[in-house]
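Shown here: protein06.txt, compact mmCIF, C-alpha atoms.
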```txt
# COMPACT_ATOMS: atom_id res chain seq x y z
CA MET B 702 10.24 -11.19 36.15
CA VAL B 703 6.93 -9.95 34.79
CA SER B 704 8.32 -9.64 31.31
CA VAL B 705 9.70 -13.21 31.41
CA LEU B 706 6.32 -14.51 32.56
CA LYS B 707 4.50 -12.56 29.86
CA ARG B 708 6.96 -13.72 27.24
CA SER B 709 6.62 -17.42 28.14
CA LEU B 710 2.83 -17.11 28.28
CA ALA B 711 2.85 -15.58 24.81
CA ILE B 712 5.13 -18.34 23.48
CA ILE B 713 2.85 -21.07 24.89
CA THR B 714 -0.24 -19.41 23.37
CA LEU B 715 1.51 -19.05 20.02
CA LEU B 716 2.56 -22.71 20.04
CA ILE B 717 -1.07 -23.74 20.61
CA ILE B 718 -2.24 -21.46 17.79
CA GLY B 719 0.52 -22.80 15.53
CA TYR B 720 -0.52 -26.38 16.29
CA TRP B 721 -4.08 -25.55 15.30
CA ILE B 722 -3.04 -23.91 12.05
CA ALA B 723 -0.70 -26.81 11.22
CA GLN B 724 -3.47 -29.31 11.93
CA ALA B 725 -5.78 -27.41 9.60
CA PHE B 726 -3.18 -27.36 6.85
CA ALA B 727 -2.37 -31.05 7.25
CA GLY B 728 -5.72 -31.59 5.53
CA VAL B 729 -4.69 -29.45 2.57
CA PRO B 730 -2.35 -31.65 0.52
CA PHE B 731 0.70 -29.84 -0.79
CA GLY B 732 1.41 -30.01 -4.50
CA GLN B 733 -1.81 -31.64 -5.64
CA ASP B 734 -4.27 -30.44 -8.22
CA LYS B 735 -7.11 -28.66 -6.42
CA MET B 736 -8.04 -26.06 -9.02
CA LEU B 737 -11.69 -25.27 -9.63
CA VAL B 738 -12.11 -21.93 -11.36
CA GLY B 739 -8.40 -21.70 -12.12
CA GLN B 740 -8.68 -24.54 -14.63
CA TYR B 741 -11.41 -22.64 -16.47
CA TYR B 742 -9.21 -19.56 -16.65
CA LEU B 743 -6.25 -21.58 -17.90
CA ASN B 744 -8.33 -23.30 -20.58
CA ASN B 745 -9.88 -20.12 -21.93
CA VAL B 746 -7.29 -17.43 -21.29
CA LYS B 747 -5.90 -17.32 -24.83
CA ALA B 748 -9.26 -17.26 -26.57
CA GLN B 749 -11.01 -14.87 -24.21
CA THR B 750 -8.31 -12.32 -23.40
CA GLY B 751 -5.45 -12.84 -25.84
CA ALA B 752 -2.90 -12.84 -23.04
CA VAL B 753 -0.30 -15.57 -22.57
CA ASN B 754 0.36 -14.87 -18.90
CA ALA B 755 -2.67 -16.18 -17.00
CA VAL B 756 -1.88 -14.20 -13.83
CA THR B 757 -2.02 -10.94 -15.76
CA ALA B 758 -5.26 -11.97 -17.41
CA VAL B 759 -6.83 -12.70 -14.02
CA VAL B 760 -5.59 -9.44 -12.49
CA VAL B 761 -6.55 -7.09 -15.30
CA ASN B 762 -9.26 -8.78 -17.32
CA TYR B 763 -11.28 -11.24 -15.28
CA ARG B 764 -10.94 -9.31 -12.02
CA GLY B 765 -10.36 -5.83 -13.41
CA PHE B 766 -12.87 -4.23 -11.10
CA ASP B 767 -11.00 -5.54 -8.03
CA THR B 768 -7.80 -4.05 -9.40
CA LEU B 769 -9.52 -0.69 -9.80
CA GLY B 770 -10.46 -0.93 -6.11
CA GLU B 771 -6.90 -1.81 -5.16
CA VAL B 772 -5.51 1.15 -7.10
CA THR B 773 -7.99 3.29 -5.17
CA VAL B 774 -6.71 1.86 -1.88
CA LEU B 775 -3.16 2.69 -2.97
CA PHE B 776 -4.22 6.25 -3.83
CA ILE B 777 -5.94 6.69 -0.47
CA ALA B 778 -2.92 5.34 1.43
CA SER B 779 -0.58 7.68 -0.44
CA THR B 780 -2.87 10.64 0.20
CA GLY B 781 -3.07 9.59 3.85
CA VAL B 782 0.71 9.63 4.20
CA GLY B 783 0.78 13.09 2.64
CA ALA B 784 -1.96 14.35 4.91
CA LEU B 785 -0.52 12.87 8.11
CA LEU B 786 2.97 14.20 7.51
CA TRP B 787 1.80 17.60 6.26
CA LYS B 788 3.82 20.55 7.60
CA ARG B 789 3.84 24.19 6.66
CA LYS B 790 7.47 24.12 5.58
CA LYS B 791 9.16 20.87 4.70
CA GLU B 792 12.65 20.41 3.38
CA ARG B 793 15.19 17.72 2.93
CA THR B 794 17.59 17.67 5.87
CA ALA B 795 20.27 15.31 4.61
CA ARG B 796 23.80 16.53 5.30
CA THR B 797 26.12 13.97 3.74
CA GLU B 798 26.43 13.75 0.00
CA GLY B 799 26.36 10.27 -1.51
CA SER B 800 29.68 8.64 -2.22
CA ILE B 801 31.19 8.87 -5.69
CA VAL B 802 30.23 5.29 -6.48
CA LEU B 803 26.60 6.00 -5.61
CA THR B 804 26.34 9.31 -7.46
CA THR B 805 28.11 8.15 -10.62
CA GLY B 806 26.26 4.85 -10.66
CA THR B 807 22.93 6.57 -10.17
CA ARG B 808 23.63 9.06 -12.93
CA TYR B 809 24.28 6.29 -15.44
CA LEU B 810 21.83 3.68 -14.15
CA PHE B 811 18.72 5.83 -13.64
CA PRO B 812 17.56 5.89 -17.32
CA PHE B 813 18.06 2.16 -17.59
CA VAL B 814 16.08 1.54 -14.42
CA LEU B 815 13.21 3.58 -15.89
CA ILE B 816 13.43 1.74 -19.22
CA PHE B 817 13.45 -1.61 -17.44
CA GLY B 818 10.38 -0.65 -15.41
CA ALA B 819 8.58 0.43 -18.59
CA TYR B 820 9.60 -2.84 -20.25
CA ILE B 821 8.15 -4.82 -17.35
CA PHE B 822 4.77 -3.15 -17.46
CA ILE B 823 4.41 -3.00 -21.24
CA HIS B 824 5.18 -6.70 -21.63
CA GLY B 825 2.95 -7.71 -18.72
CA HIS B 826 0.75 -9.98 -20.85
CA LEU B 827 3.72 -11.94 -22.20
CA THR B 828 6.39 -12.24 -19.50
CA PRO B 829 6.28 -12.34 -15.71
CA GLY B 830 5.72 -8.92 -14.27
CA GLY B 831 3.15 -6.32 -15.04
CA GLY B 832 2.11 -2.96 -13.74
CA PHE B 833 2.72 -3.55 -10.04
CA PRO B 834 6.39 -4.70 -10.19
CA GLY B 835 7.10 -2.26 -13.04
CA GLY B 836 5.80 0.67 -11.03
CA ALA B 837 7.78 -0.49 -8.00
CA THR B 838 10.93 -0.62 -10.15
CA ILE B 839 10.35 2.97 -11.30
CA ALA B 840 9.87 4.05 -7.67
CA THR B 841 13.15 2.31 -6.82
CA GLY B 842 14.85 4.47 -9.46
CA PHE B 843 13.57 7.62 -7.79
CA LEU B 844 14.67 6.22 -4.42
CA LEU B 845 18.19 5.91 -5.85
CA LEU B 846 18.09 9.58 -6.92
CA TYR B 847 16.91 10.63 -3.47
CA MET B 848 19.72 8.74 -1.79
CA ALA B 849 22.47 9.93 -4.12
CA PHE B 850 21.78 13.69 -4.29
CA ILE B 851 20.96 15.70 -1.19
CA VAL B 852 19.00 18.42 -2.99
CA TYR B 853 17.01 16.27 -5.40
CA GLU B 854 13.21 16.40 -5.34
CA ILE B 855 10.71 14.80 -7.67
CA PRO B 856 8.82 17.18 -10.01
CA HIS B 857 5.74 17.52 -7.82
CA LYS B 858 3.46 19.29 -10.28
CA GLY B 859 4.10 16.80 -13.06
CA PHE B 860 3.65 13.83 -10.75
CA GLU B 861 0.35 15.12 -9.40
CA VAL B 862 -0.98 15.74 -12.92
CA ALA B 863 0.20 12.29 -14.04
CA GLU B 864 -1.46 10.62 -11.04
CA GLY B 865 -4.78 12.27 -11.75
CA LEU B 866 -4.65 11.60 -15.48
CA VAL B 867 -3.82 7.91 -15.20
CA GLY B 868 -6.44 7.41 -12.47
CA MET B 869 -9.01 9.00 -14.77
CA GLY B 870 -7.69 6.94 -17.69
CA TYR B 871 -8.49 3.66 -15.94
CA VAL B 872 -12.12 4.72 -15.36
CA ILE B 873 -12.39 6.07 -18.92
CA VAL B 874 -11.19 2.76 -20.41
CA GLY B 875 -13.83 1.01 -18.29
CA LEU B 876 -16.54 3.46 -19.35
CA ILE B 877 -15.72 2.98 -23.06
CA GLY B 878 -16.22 -0.75 -22.42
CA LEU B 879 -19.57 0.07 -20.81
CA MET B 880 -20.58 2.02 -23.90
CA ILE B 881 -19.47 -0.59 -26.44
CA GLY B 882 -20.04 -3.91 -24.77
CA GLY B 883 -22.65 -3.26 -22.12
CA TYR B 884 -20.65 -3.75 -18.91
CA PHE B 885 -17.93 -1.91 -17.05
CA LEU B 886 -14.35 -2.81 -18.04
CA PHE B 887 -15.50 -4.79 -21.10
CA ASP B 888 -12.44 -5.69 -23.18
CA TRP B 889 -13.46 -3.75 -26.30
CA ILE B 890 -10.07 -3.92 -28.02
CA TRP B 891 -10.07 -7.72 -28.02
CA GLN B 892 -13.74 -8.68 -28.14
CA THR B 893 -15.11 -6.05 -30.52
CA TRP B 894 -12.21 -4.84 -32.60
CA GLN B 895 -10.48 -8.27 -32.67
CA LEU B 896 -7.13 -6.48 -32.73
CA GLY B 897 -4.16 -8.85 -32.89
CA THR B 898 -6.17 -12.06 -33.00
CA ASN B 899 -3.56 -13.88 -35.07
CA ASN B 900 -0.74 -12.27 -33.13
CA ILE B 901 -0.95 -14.08 -29.76
CA GLY B 902 2.41 -14.23 -28.03
CA ARG B 903 3.68 -10.96 -29.52
CA LEU B 904 3.53 -7.44 -28.18
CA LEU B 905 0.49 -6.21 -30.10
CA SER B 906 -2.05 -8.58 -28.62
CA GLY B 907 -3.85 -9.03 -25.37
CA GLY B 908 -6.65 -6.53 -25.86
CA PHE B 909 -6.59 -3.73 -23.34
CA ILE B 910 -4.17 -5.47 -20.96
CA PRO B 911 -1.09 -3.45 -22.09
CA VAL B 912 -3.12 -0.22 -21.89
CA ILE B 913 -4.42 -0.92 -18.38
CA TYR B 914 -1.04 -2.16 -17.20
CA THR B 915 0.69 0.97 -18.48
CA ILE B 916 -1.85 2.99 -16.50
CA ILE B 917 -1.32 0.87 -13.38
CA GLY B 918 2.47 1.04 -13.74
CA LEU B 919 2.50 4.84 -13.95
CA LYS B 920 0.03 5.05 -11.07
CA VAL B 921 2.02 2.75 -8.76
CA GLY B 922 5.31 4.42 -9.68
CA THR B 923 4.08 7.94 -8.98
CA GLU B 924 2.25 6.97 -5.77
CA LEU B 925 5.22 5.11 -4.29
CA SER B 926 7.61 7.94 -5.27
CA GLY B 927 5.23 10.36 -3.55
CA ILE B 928 5.27 8.20 -0.40
CA ILE B 929 9.10 8.21 -0.43
CA ASP B 930 9.14 11.99 -0.89
CA ASN B 931 6.72 12.52 2.00
CA MET B 932 8.61 10.20 4.34
CA ILE B 933 12.06 11.63 3.64
CA LYS B 934 11.31 15.33 4.10
CA GLU B 935 11.22 16.84 7.57
CA GLU B 936 9.90 19.99 9.08
CA VAL B 937 12.35 22.88 9.43
CA ARG B 938 12.02 25.57 12.06
CA GLU B 939 13.70 28.92 11.72
CA MET G 942 2.85 -35.76 14.97
CA ILE G 943 1.64 -33.73 12.03
CA HIS G 944 3.40 -34.06 8.69
CA ILE G 945 3.19 -30.88 6.64
CA SER G 946 5.26 -29.53 3.79
CA VAL G 947 8.33 -27.42 4.49
CA TYR G 948 6.69 -24.44 2.77
CA TYR G 949 3.66 -24.64 5.07
CA PHE G 950 6.03 -24.92 8.03
CA GLY G 951 8.00 -21.84 6.99
CA ALA G 952 4.88 -19.77 6.33
CA ILE G 953 3.23 -20.74 9.63
CA SER G 954 6.48 -20.00 11.49
CA LEU G 955 6.64 -16.53 9.93
CA ILE G 956 3.04 -15.85 10.98
CA LEU G 957 3.76 -16.97 14.55
CA ILE G 958 6.98 -14.93 14.80
CA GLY G 959 5.17 -11.82 13.59
CA LEU G 960 2.33 -12.43 16.03
CA TYR G 961 4.88 -12.83 18.85
CA ALA G 962 6.36 -9.42 18.03
CA VAL G 963 2.91 -7.82 17.98
CA LEU G 964 1.97 -9.41 21.32
CA VAL G 965 5.14 -9.01 23.36
CA LYS G 966 7.15 -6.05 22.06
CA LYS G 967 6.41 -2.58 23.32
CA ASN G 968 8.10 -0.55 20.62
CA LEU G 969 5.71 0.60 17.87
CA LEU G 970 8.22 0.19 15.06
CA LYS G 971 9.03 -3.34 16.27
CA MET G 972 5.33 -4.18 16.20
CA LEU G 973 5.11 -2.90 12.63
CA ILE G 974 8.13 -5.01 11.65
CA GLY G 975 6.26 -7.98 13.13
CA LEU G 976 3.16 -7.13 11.10
CA SER G 977 5.26 -6.96 7.95
CA ILE G 978 6.80 -10.37 8.62
CA MET G 979 3.30 -11.76 9.24
CA GLU G 980 2.16 -10.40 5.89
CA THR G 981 5.04 -12.16 4.12
CA GLY G 982 4.06 -15.39 5.87
CA VAL G 983 0.43 -15.13 4.78
CA ASN G 984 1.49 -14.49 1.18
CA LEU G 985 3.81 -17.51 1.25
CA LEU G 986 1.01 -19.69 2.66
CA LEU G 987 -1.40 -18.65 -0.11
CA ILE G 988 1.14 -19.26 -2.87
CA SER G 989 2.10 -22.68 -1.51
CA VAL G 990 -1.57 -23.71 -1.39
CA GLY G 991 -1.80 -22.94 -5.13
CA TYR G 992 1.31 -24.93 -6.09
CA ILE G 993 0.98 -28.17 -8.02
CA SER G 994 4.11 -30.30 -8.10
CA GLY G 995 5.66 -30.99 -11.48
CA ARG G 996 3.90 -28.12 -13.24
CA SER G 997 5.37 -24.86 -14.42
CA ALA G 998 4.42 -21.20 -14.09
CA PRO G 999 1.05 -20.11 -15.53
CA ILE G 1000 2.54 -18.55 -18.67
CA LEU G 1001 1.17 -20.50 -21.58
CA SER G 1002 4.03 -20.68 -24.07
CA GLU G 1003 5.24 -23.48 -26.29
CA GLY G 1004 5.26 -26.73 -24.37
CA VAL G 1005 3.17 -25.40 -21.50
CA GLY G 1006 -0.47 -26.17 -22.07
CA PRO G 1007 -3.45 -25.45 -19.83
CA ASN G 1008 -2.92 -28.76 -18.04
CA GLN G 1009 0.74 -28.11 -17.21
CA ALA G 1010 0.42 -24.86 -15.25
CA VAL G 1011 -0.11 -24.08 -11.57
CA ASP G 1012 -3.13 -22.26 -10.18
CA PRO G 1013 -3.03 -18.59 -11.28
CA ILE G 1014 -5.61 -17.24 -8.82
CA PRO G 1015 -3.55 -17.15 -5.56
CA GLN G 1016 -0.71 -15.54 -7.50
CA ALA G 1017 -3.01 -12.81 -8.81
CA LEU G 1018 -4.32 -12.23 -5.28
CA VAL G 1019 -0.87 -12.01 -3.70
CA LEU G 1020 0.54 -9.79 -6.48
CA THR G 1021 -1.78 -6.95 -5.57
CA ALA G 1022 -1.68 -7.65 -1.82
CA ILE G 1023 2.08 -6.99 -1.65
CA VAL G 1024 1.80 -3.53 -3.22
CA ILE G 1025 -1.16 -2.57 -1.04
CA GLY G 1026 0.80 -3.89 1.96
CA VAL G 1027 3.74 -1.53 1.52
CA ALA G 1028 1.42 1.47 1.07
CA THR G 1029 -0.52 0.70 4.24
CA THR G 1030 2.72 0.02 6.12
CA ALA G 1031 3.96 3.48 5.09
CA MET G 1032 0.73 4.98 6.41
CA ALA G 1033 1.10 3.17 9.76
CA LEU G 1034 4.71 4.40 9.96
CA SER G 1035 3.59 7.99 9.46
CA VAL G 1036 1.13 7.57 12.33
CA ALA G 1037 4.08 6.30 14.42
CA ILE G 1038 6.15 9.35 13.42
CA ILE G 1039 3.34 11.69 14.49
CA LEU G 1040 3.00 9.84 17.83
CA TYR G 1041 6.73 10.24 18.38
CA GLU G 1042 6.58 13.96 17.62
CA LYS G 1043 3.69 14.40 20.05
CA TYR G 1044 4.78 12.18 22.96
CA GLY G 1045 8.54 11.87 22.48
CA THR G 1046 8.51 8.10 22.85
CA LEU G 1047 7.58 5.01 20.89
CA ASN G 1048 6.75 2.80 23.88
CA VAL G 1049 3.04 1.94 23.70
CA GLU G 1050 2.61 1.66 27.49
CA GLU G 1051 4.25 5.05 27.96
CA ILE G 1052 1.98 6.56 25.30
CA ARG G 1053 -1.07 5.06 27.00
CA ARG G 1054 0.04 6.49 30.37
CA LEU G 1055 0.74 9.96 28.96
CA ARG G 1056 -2.60 10.12 27.21
CA GLY G 1057 -4.66 9.18 30.28
CA MET M 1334 16.05 -36.45 -0.51
CA ASN M 1335 17.25 -34.96 -3.75
CA CYS M 1336 19.18 -31.74 -4.05
CA ILE M 1337 16.26 -29.38 -4.80
CA SER M 1338 14.54 -30.20 -1.54
CA CYS M 1339 17.87 -29.66 0.30
CA ILE M 1340 17.86 -26.10 -1.06
CA GLU M 1341 14.24 -25.66 0.06
CA TYR M 1342 15.06 -26.74 3.60
CA ILE M 1343 18.14 -24.49 3.76
CA ILE M 1344 16.30 -21.41 2.48
CA VAL M 1345 13.34 -21.93 4.82
CA ALA M 1346 15.77 -22.32 7.74
CA ILE M 1347 17.64 -19.11 6.87
CA MET M 1348 14.35 -17.28 6.44
CA ILE M 1349 13.07 -18.32 9.86
CA ILE M 1350 16.41 -17.44 11.50
CA SER M 1351 16.40 -13.97 9.96
CA ALA M 1352 12.78 -13.46 11.05
CA ILE M 1353 13.69 -14.35 14.65
CA LEU M 1354 16.69 -12.02 14.52
CA ALA M 1355 14.57 -9.22 13.03
CA VAL M 1356 12.18 -9.53 15.95
CA GLU M 1357 14.82 -9.90 18.67
CA TRP M 1358 17.47 -7.33 17.69
CA LYS M 1359 17.33 -4.20 19.83
CA ASP M 1360 18.78 -2.05 17.07
CA LEU M 1361 15.81 -1.16 14.87
CA LEU M 1362 18.03 -0.42 11.87
CA ALA M 1363 19.36 -3.98 11.98
CA ALA M 1364 15.81 -5.24 12.49
CA ALA M 1365 14.65 -3.47 9.32
CA VAL M 1366 17.49 -5.09 7.38
CA GLY M 1367 16.49 -8.47 8.84
CA MET M 1368 12.94 -7.88 7.64
CA ALA M 1369 14.23 -7.12 4.15
CA ALA M 1370 16.22 -10.38 4.27
CA VAL M 1371 13.04 -12.29 5.14
CA SER M 1372 11.38 -10.76 2.08
CA LEU M 1373 14.34 -11.65 -0.12
CA PHE M 1374 14.36 -15.32 0.93
CA ALA M 1375 10.57 -15.43 0.60
CA SER M 1376 10.96 -14.20 -2.97
CA ILE M 1377 13.36 -17.07 -3.71
CA LEU M 1378 10.72 -19.44 -2.31
CA PHE M 1379 8.06 -17.81 -4.49
CA PHE M 1380 10.26 -18.44 -7.50
CA MET M 1381 10.66 -22.09 -6.53
CA LEU M 1382 6.88 -22.36 -6.14
CA GLN M 1383 6.52 -21.37 -9.84
CA ALA M 1384 5.26 -17.85 -9.18
CA PRO M 1385 7.70 -15.56 -11.02
CA ASP M 1386 5.31 -12.58 -11.04
CA VAL M 1387 5.03 -12.62 -7.26
CA ALA M 1388 8.77 -13.19 -6.88
CA MET M 1389 9.56 -10.06 -8.90
CA THR M 1390 7.08 -7.96 -6.96
CA GLU M 1391 8.32 -9.21 -3.61
CA ALA M 1392 11.97 -8.60 -4.52
CA ALA M 1393 11.27 -5.05 -5.71
CA ILE M 1394 8.94 -4.06 -2.91
CA GLY M 1395 9.73 -6.21 0.12
CA ALA M 1396 13.48 -5.97 -0.15
CA ALA M 1397 13.91 -2.41 -1.43
CA LEU M 1398 10.96 -0.09 -0.83
CA SER M 1399 9.66 -1.58 2.42
CA GLY M 1400 13.08 -1.48 4.04
CA ALA M 1401 13.65 2.07 2.79
CA VAL M 1402 10.34 3.27 4.24
CA PHE M 1403 11.21 1.69 7.60
CA ILE M 1404 14.66 3.30 7.57
CA PHE M 1405 13.17 6.74 6.88
CA ALA M 1406 10.78 6.27 9.82
CA ILE M 1407 13.66 5.19 12.09
CA LYS M 1408 15.64 8.26 11.01
CA ARG M 1409 12.78 10.50 12.11
CA THR M 1410 12.18 8.74 15.44
CA ARG M 1411 14.80 6.87 17.45
CA ARG M 1412 17.13 4.07 16.64
CA PHE M 1413 17.07 1.76 19.64
CA GLU M 1414 14.14 -0.17 20.96
CA THR M 1415 14.48 0.58 24.65
CA GLU M 1416 15.38 4.03 25.86
CA GLU M 1417 17.87 3.26 28.64
CA GLU M 1418 20.15 1.25 26.38
CA GLU M 1419 20.60 4.02 23.91
CA LYS M 1420 24.32 4.15 23.41
CA PRO M 1421 26.32 3.07 20.39
CA GLY M 1422 27.79 -0.34 20.96
CA TRP M 1423 27.95 -3.82 19.67
CA TRP M 1424 25.13 -4.02 17.16
CA MET M 1425 24.14 -7.55 18.00
CA ARG M 1426 23.20 -6.75 21.59
CA TRP M 1427 20.09 -8.73 22.57
```
What do you get writing this file as structure tokens?
Amino acid sequence: MVSVLKRSLAIITLLIIGYWIAQAFAGVPFGQDKMLVGQYYLNNVKAQTGAVNAVTAVVVNYRGFDTLGEVTVLFIASTGVGALLWKRKKERTARTEGSIVLTTGTRYLFPFVLIFGAYIFIHGHLTPGGGFPGGATIATGFLLLYMAFIVYEIPHKGFEVAEGLVGMGYVIVGLIGLMIGGYFLFDWIWQTWQLGTNNIGRLLSGGFIPVIYTIIGLKVGTELSGIIDNMIKEEVRE
Amino acid sequence: MIHISVYYFGAISLILIGLYAVLVKKNLLKMLIGLSIMETGVNLLLISVGYISGRSAPILSEGVGPNQAVDPIPQALVLTAIVIGVATTAMALSVAIILYEKYGTLNVEEIRRLRG
Amino acid sequence: MNCISCIEYIIVAIMIISAILAVEWKDLLAAAVGMAAVSLFASILFFMLQAPDVAMTEAAIGAALSGAVFIFAIKRTRRFETEEEEKPGWWMRW
């Protein structure tokens, strides 16, 4: 009885809250132009950053410092998972081998998944995508390997070194901007070197956006693969 | 009666369903599933606020000028929020795993009773 | 009502139904799959709202990695929501 009472009380409260939210959003017209700073970005994105995809330009160029903070949050969350699930001796405890469809498909598909992820984050300034979905695609490839083979583990040493190097690379790119242009994460490739100015819409343009997005893609891929590795392994007792 | 768009309705419904799971359910993993659904709802709400009808995606190619694209800022916000969301969800799940190893249950009331 | 808005209504309805099922199912494995379905339909909605970047991210993360992380956690804890009902049976038990 108590649970039914509690449940109906919660539903009534939620309906009141939902009515309030809906009333608030009735004043926000759907599908109408209410851009303020977005219009400025759209007008100037080609001249100021060299990117065609405005979302990428906002993430990496205009708000690059925020993205550095978000990559830091990702790193801390991944480290937190590793620290919370730390055991003296951890091993994979899976018993059943993947079926023949899964193992054969993984064996042939894995390189293509990696190539597709790299394609997504290298072409982030031209097509939809970028470092975050590209890194997630790479992590999905490693998830496939983990599910298909019961003894597979990621190369831990290489992944740790790669994580550290790409994290440092982001800060170093920002510091070079500080040295050349006077502020952190200044787009030196586009603003100072003018590289690819008459090449907008092709791969070699966009200033440091492909560089930063390659860094972010490798970072996200290695962090998410590390999270999968930490979650899948269990403690073994002799 | 309030008239809102179907996207607003769906997003607000997802937020309320997630909040219901967080309020009523006692299982920790069920509460985390509710939080995850809530996060999807908030992302959908932000994206639908930035939509402008009749315009295309903010990728300025041939035929898509600066005045024919939707607002890029909510999309940039949500793009990073999704990735951060899965990392923090994984961290919350590892806390739940540790609680299960320590107390042998996932019921929050039971955990509260065993601790006190 | 033209056909595009029909599709919008149908997808929003399926999304809300799968969210309710994900919250109400006692089997946590089924609930995790329901949550992944919510993410998948949300990514279709993102695509229809002209946000292809977000749609790609949501499809890769919400539908694959998030569900996988939940399934690993369920494997290391227990599968059913309440402890007295823990016997294999009809998976749609409420």
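Going from CA of Pro999 in chain G over to CA of Asn754 in chain B, you cover 6.3 Å.
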Neighbour list for Glu854 in chain B as a JSON list (two decimals) with C-alpha atoms, keeping the file's coordinate frame, cut-off 12 Å, all atoms listed in the file, skip fewer than 6 positions in-chain:
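Saved the output as selection-v9.json:
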```
[["chain", "number", "residue", "atom", "x", "y", "z"],
["B", 791, "LYS", "CA", 9.16, 20.87, 4.70],
["B", 792, "GLU", "CA", 12.65, 20.41, 3.38],
["B", 793, "ARG", "CA", 15.19, 17.72, 2.93],
["B", 843, "PHE", "CA", 13.57, 7.62, -7.79],
["B", 844, "LEU", "CA", 14.67, 6.22, -4.42],
["B", 845, "LEU", "CA", 18.19, 5.91, -5.85],
["B", 846, "LEU", "CA", 18.09, 9.58, -6.92],
["B", 847, "TYR", "CA", 16.91, 10.63, -3.47],
["B", 848, "MET", "CA", 19.72, 8.74, -1.79],
["B", 860, "PHE", "CA", 3.65, 13.83, -10.75],
["B", 926, "SER", "CA", 7.61, 7.94, -5.27],
["B", 927, "GLY", "CA", 5.23, 10.36, -3.55],
["B", 929, "ILE", "CA", 9.10, 8.21, -0.43],
["B", 930, "ASP", "CA", 9.14, 11.99, -0.89],
["B", 931, "ASN", "CA", 6.72, 12.52, 2.00],
["B", 933, "ILE", "CA", 12.06, 11.63, 3.64],
["B", 934, "LYS", "CA", 11.31, 15.33, 4.10]]
```
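Among G:Ala1031, G:Ala1022, G:Ala952, G:Leu1001, the residue with the shortest atom-to-atom distance to Ile974 in chain G, counting only C-alpha atoms, is G:Ala1031.
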Need the shell around range 960-967 of chain G: protein/DNA/RNA residues with any atom at most 6 Å away, counting all atoms listed in the file. Skip same-chain ones fewer than 2 positions apart. Format as a PDB file with C-alpha atoms, keeping the file's coordinate frame?
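So the final result, stored in result.pdb, reads:
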```
ATOM      1  CA  LEU G 957       3.760 -16.970  14.550  1.00  0.00           C
ATOM      2  CA  ILE G 958       6.980 -14.930  14.800  1.00  0.00           C
ATOM      3  CA  MET G 972       5.330  -4.180  16.200  1.00  0.00           C
ATOM      4  CA  GLY G 975       6.260  -7.980  13.130  1.00  0.00           C
ATOM      5  CA  ASN G1048       6.750   2.800  23.880  1.00  0.00           C
ATOM      6  CA  VAL G1049       3.040   1.940  23.700  1.00  0.00           C
TER       7      VAL G1049
END
```
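Here the question is which of M:Ile1347, M:Cys1336, M:Ile1353, M:Ile1404 gets nearest to Ile1377 in chain M using all atoms listed in the file, and that residue is M:Ile1347.
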In Å, rounded to a single decimal, give me how far CA of Asn1008 in chain G is from CA of Gly825 in chain B.
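Separation between CA of Gly825 in chain B and CA of Asn1008 in chain G: 21.9 Å.
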Name the residues in contact with Ser954 in chain G at a cut-off of 9 Å, using all atoms listed in the file, excluding same-chain residues fewer than 4 positions from it; report them as a ChimeraX atom specification.
/B:719 /G:949-950,958-959,982 /M:1349
May I have the residues from that selection written out with C-alpha atoms, as a PDB file, in the coordinates of the input?
```pdb
ATOM      1  CA  GLY B 719       0.520 -22.800  15.530  1.00  0.00           C
TER       2      GLY B 719
ATOM      3  CA  TYR G 949       3.660 -24.640   5.070  1.00  0.00           C
ATOM      4  CA  PHE G 950       6.030 -24.920   8.030  1.00  0.00           C
ATOM      5  CA  ILE G 958       6.980 -14.930  14.800  1.00  0.00           C
ATOM      6  CA  GLY G 959       5.170 -11.820  13.590  1.00  0.00           C
ATOM      7  CA  GLY G 982       4.060 -15.390   5.870  1.00  0.00           C
TER       8      GLY G 982
ATOM      9  CA  ILE M1349      13.070 -18.320   9.860  1.00  0.00           C
TER      10      ILE M1349
END
```
Could you list, as number ranges by chain, the residues of chain B having an atom within 6 Å of chain G when counting only C-alpha atoms?
B: 727, 732-734, 739, 743-744, 753-756, 760, 775, 778, 782
Around all the atoms of range 984-991 of chain G listed in the file, with 8 Å of room on each side, what axis-aligned box do you get, giving centre and edge lengths in Å to one decimal, as AutoDock Vina command-line options?
```
--center_x 1.0 --center_y -19.1 --center_z -1.2 --size_x 21.6 --size_y 25.2 --size_z 23.8
```
What are the closest atom pairs, with distances in Å to one decimal, for each residue of chain M lying within 7 Å of chain G, using all atoms listed in the file, rows by chain and rising residue number, as a Markdown table?
```
| residue | atom | partner | partner_atom | distance |
| --- | --- | --- | --- | --- |
| M:Tyr1342 | CA | G:Val947 | CA | 6.8 |
| M:Val1345 | CA | G:Gly951 | CA | 5.8 |
| M:Ile1349 | CA | G:Leu955 | CA | 6.7 |
| M:Ala1352 | CA | G:Leu955 | CA | 7.0 |
| M:Ile1353 | CA | G:Ile958 | CA | 6.7 |
| M:Val1356 | CA | G:Ala962 | CA | 6.2 |
| M:Met1368 | CA | G:Ile978 | CA | 6.7 |
| M:Ser1372 | CA | G:Thr981 | CA | 6.8 |
| M:Leu1382 | CA | G:Tyr992 | CA | 6.1 |
| M:Gln1383 | CA | G:Ala998 | CA | 4.7 |
| M:Ala1384 | CA | G:Ala998 | CA | 6.0 |
| M:Val1387 | CA | G:Leu1020 | CA | 5.4 |
| M:Thr1390 | CA | G:Leu1020 | CA | 6.8 |
| M:Glu1391 | CA | G:Ile1023 | CA | 6.9 |
| M:Ser1399 | CA | G:Val1027 | CA | 6.0 |
| M:Val1402 | CA | G:Ala1031 | CA | 6.4 |
| M:Ala1406 | CA | G:Leu1034 | CA | 6.4 |
| M:Arg1409 | CA | G:Ile1038 | CA | 6.9 |
| M:Thr1410 | CA | G:Tyr1041 | CA | 6.4 |
| M:Glu1414 | CA | G:Asn968 | CA | 6.1 |
```
